[in-house]
Amino acid sequence: MARLAFLLLAALGLSCGGGLGSGTASLSGTVRGEAQTPKGAVSSTATIETTVGPANVAVVVLSNPGGLCAEVSANREPKSAQYLLLFLGVLSAQDGGAATIIAPTAGGDFAVYSGVGQPASTSLAIVLAQTTDAACHDQTALDATGISGTVHVSNLGKGIAGSLDVMLAAGVDGNGQPTSALEHLTGSFSASDCPGLGALVSATRTTQCAQ
């Protein structure tokens, strides 16, 4: 699952706390022609390694099947799963003008960023859709990346709630242009805070495929 996230963001490491709730989510639209039917939503904060150094973000994972938090807390991941990952951050200039990304401290609108060129807003969202097979391997042919749109966060705390309206494609070229037809995905989520989520979403994920 971490492969595509790793390509855009480099290594991810997560720290989180809270209960083992599964949250709720609803999506309308398709990714690579496949309907998205999440059965749960979990969230936390994350530290990611980028080309400009470590960055802190909030992360939301919508998944089918449900019960994801209980699985990753036992160092397992479900097989044949669909995931929609939302990474939320705020661009901040440090002394000397160096850019960094910090975790948001308030809700609002986060502009979808494809990972190419300059973000359209200082509040940005990276949206990734991934599917795994029966051996928990990423099915690259079903991956997609958010190209444009907005993730709106209405509640940010122990758990994250909000909505999304995004356009996705199979990928982008060096100029930030989509390499496939765009697909429109909308929906809402109320994600529960999830201990152990980093075992799944980090670039060095340690989760074992559930039997």
# chains A, B, ... in the order shown; residues from 1 in each chain; ligands from 1
>>> closest_atom_pairs(of="segment 94-154 of chain A", to="segment 61-68 of chain A", cutoff="10 Å", atoms="only C-alpha atoms", output="JSON lines")
{"residue": "A:Val127", "atom": "CA", "partner": "A:Val61", "partner_atom": "CA", "distance": 10.0}
{"residue": "A:Leu128", "atom": "CA", "partner": "A:Val61", "partner_atom": "CA", "distance": 9.6}
{"residue": "A:Ala129", "atom": "CA", "partner": "A:Leu62", "partner_atom": "CA", "distance": 9.5}
{"residue": "A:Gln130", "atom": "CA", "partner": "A:Ser63", "partner_atom": "CA", "distance": 9.7}
{"residue": "A:Thr131", "atom": "CA", "partner": "A:Asn64", "partner_atom": "CA", "distance": 9.5}
>>> residues_around(residues="Ala70 of chain A", least_positions_apart="5", cutoff="12 Å", atoms="only C-alpha atoms", output="short mmCIF file (atom, residue, chain, number, x, y, z; two decimals) with N, CA, C and O atoms, in the first residue's frame")
data_model
loop_
_atom_site.label_atom_id
_atom_site.label_comp_id
_atom_site.auth_asym_id
_atom_site.auth_seq_id
_atom_site.Cartn_x
_atom_site.Cartn_y
_atom_site.Cartn_z
N GLY A 18 -5.57 6.85 20.84
CA GLY A 18 -7.02 6.85 20.83
C GLY A 18 -7.57 5.45 20.82
O GLY A 18 -6.88 4.48 21.10
N GLY A 19 -8.85 5.35 20.43
CA GLY A 19 -9.52 4.07 20.47
C GLY A 19 -9.40 3.31 19.17
O GLY A 19 -8.67 3.69 18.28
N LEU A 20 -10.18 2.22 19.07
CA LEU A 20 -10.12 1.36 17.91
C LEU A 20 -11.39 1.48 17.09
O LEU A 20 -11.81 0.52 16.45
N GLY A 21 -12.02 2.66 17.07
CA GLY A 21 -13.22 2.85 16.28
C GLY A 21 -12.92 2.75 14.80
O GLY A 21 -11.79 2.93 14.37
N SER A 22 -13.96 2.49 14.00
CA SER A 22 -13.75 2.32 12.57
C SER A 22 -14.22 3.51 11.76
O SER A 22 -13.92 3.61 10.58
N GLY A 23 -14.97 4.44 12.35
CA GLY A 23 -15.43 5.60 11.62
C GLY A 23 -16.38 5.23 10.50
O GLY A 23 -16.72 4.06 10.28
N GLY A 40 -15.17 1.94 6.37
CA GLY A 40 -14.64 2.56 7.57
C GLY A 40 -13.69 3.69 7.23
O GLY A 40 -13.26 3.84 6.09
N ALA A 41 -13.36 4.50 8.25
CA ALA A 41 -12.46 5.63 8.07
C ALA A 41 -11.67 5.82 9.36
O ALA A 41 -12.24 5.89 10.44
N VAL A 42 -10.34 5.90 9.25
CA VAL A 42 -9.48 6.11 10.40
C VAL A 42 -8.50 7.24 10.10
O VAL A 42 -8.25 7.57 8.94
N PRO A 65 -12.26 -3.53 3.21
CA PRO A 65 -13.28 -3.67 4.24
C PRO A 65 -13.08 -2.73 5.42
O PRO A 65 -12.12 -1.96 5.46
N ASN A 75 -0.87 -5.52 13.85
CA ASN A 75 0.18 -5.64 12.84
C ASN A 75 -0.26 -6.49 11.65
O ASN A 75 0.54 -7.21 11.05
N ARG A 76 -1.55 -6.38 11.29
CA ARG A 76 -2.07 -7.07 10.12
C ARG A 76 -2.69 -6.05 9.18
O ARG A 76 -3.01 -4.93 9.56
N GLU A 77 -2.89 -6.47 7.92
CA GLU A 77 -3.66 -5.67 6.98
C GLU A 77 -4.62 -6.57 6.22
O GLU A 77 -4.31 -7.74 5.95
N PRO A 78 -5.81 -6.07 5.88
CA PRO A 78 -6.77 -6.91 5.15
C PRO A 78 -6.31 -7.14 3.71
O PRO A 78 -5.65 -6.30 3.11
N SER A 192 -12.23 7.89 12.71
CA SER A 192 -11.83 7.68 14.10
C SER A 192 -10.32 7.73 14.23
O SER A 192 -9.58 7.33 13.33
N ASP A 193 -9.82 8.22 15.37
CA ASP A 193 -8.40 8.22 15.66
C ASP A 193 -7.92 6.78 15.81
O ASP A 193 -8.60 5.96 16.43
N CYS A 194 -6.74 6.45 15.24
CA CYS A 194 -6.34 5.05 15.16
C CYS A 194 -4.89 4.80 15.58
O CYS A 194 -3.96 5.15 14.85
N PRO A 195 -4.66 4.17 16.73
CA PRO A 195 -3.31 3.75 17.10
C PRO A 195 -2.81 2.69 16.11
O PRO A 195 -3.55 1.84 15.65
N GLY A 196 -1.55 2.75 15.78
CA GLY A 196 -0.94 1.72 14.94
C GLY A 196 -1.09 1.90 13.46
O GLY A 196 -0.61 1.06 12.69
N LEU A 197 -1.73 2.98 13.00
CA LEU A 197 -1.97 3.14 11.57
C LEU A 197 -0.67 3.24 10.78
O LEU A 197 -0.60 2.82 9.62
N ALA A 199 1.92 1.50 10.91
CA ALA A 199 2.45 0.20 10.48
C ALA A 199 1.99 -0.13 9.07
O ALA A 199 2.66 -0.88 8.35
N LEU A 200 0.87 0.44 8.64
CA LEU A 200 0.33 0.19 7.31
C LEU A 200 0.77 1.24 6.29
O LEU A 200 1.15 0.90 5.18
N ALA A 210 -3.36 -10.47 6.34
CA ALA A 210 -4.28 -11.29 7.14
C ALA A 210 -4.67 -12.54 6.37
O ALA A 210 -4.86 -12.52 5.15
#
>>> closest_residue(among="A:Ala141, A:Ala120, A:Tyr83, A:Leu156", to="Thr105 of chain A", atoms="only C-alpha atoms")
A:Leu156
>>> closest_residue(among="A:Ala55, A:Cys209, A:Ala125, A:Leu185", to="Ala35 of chain A", atoms="only C-alpha atoms")
A:Leu185
>>> residues_around(residues="Pro178 of chain A", least_positions_apart="2", cutoff="10 Å", atoms="only C-alpha atoms", output="list in words")
Ser114, Thr145, Gly146, Ile147, Leu168, Ala169, Ala170, Gly171, Val172, Asp173, Gly174, Asn175, Gly176, Ser180, Ala181 and Leu182 of chain A
>>> closest_residue(among="A:Gly89, A:Gly115, A:Gly107, A:Gly33", to="Val153 of chain A", atoms="only C-alpha atoms")
A:Gly107
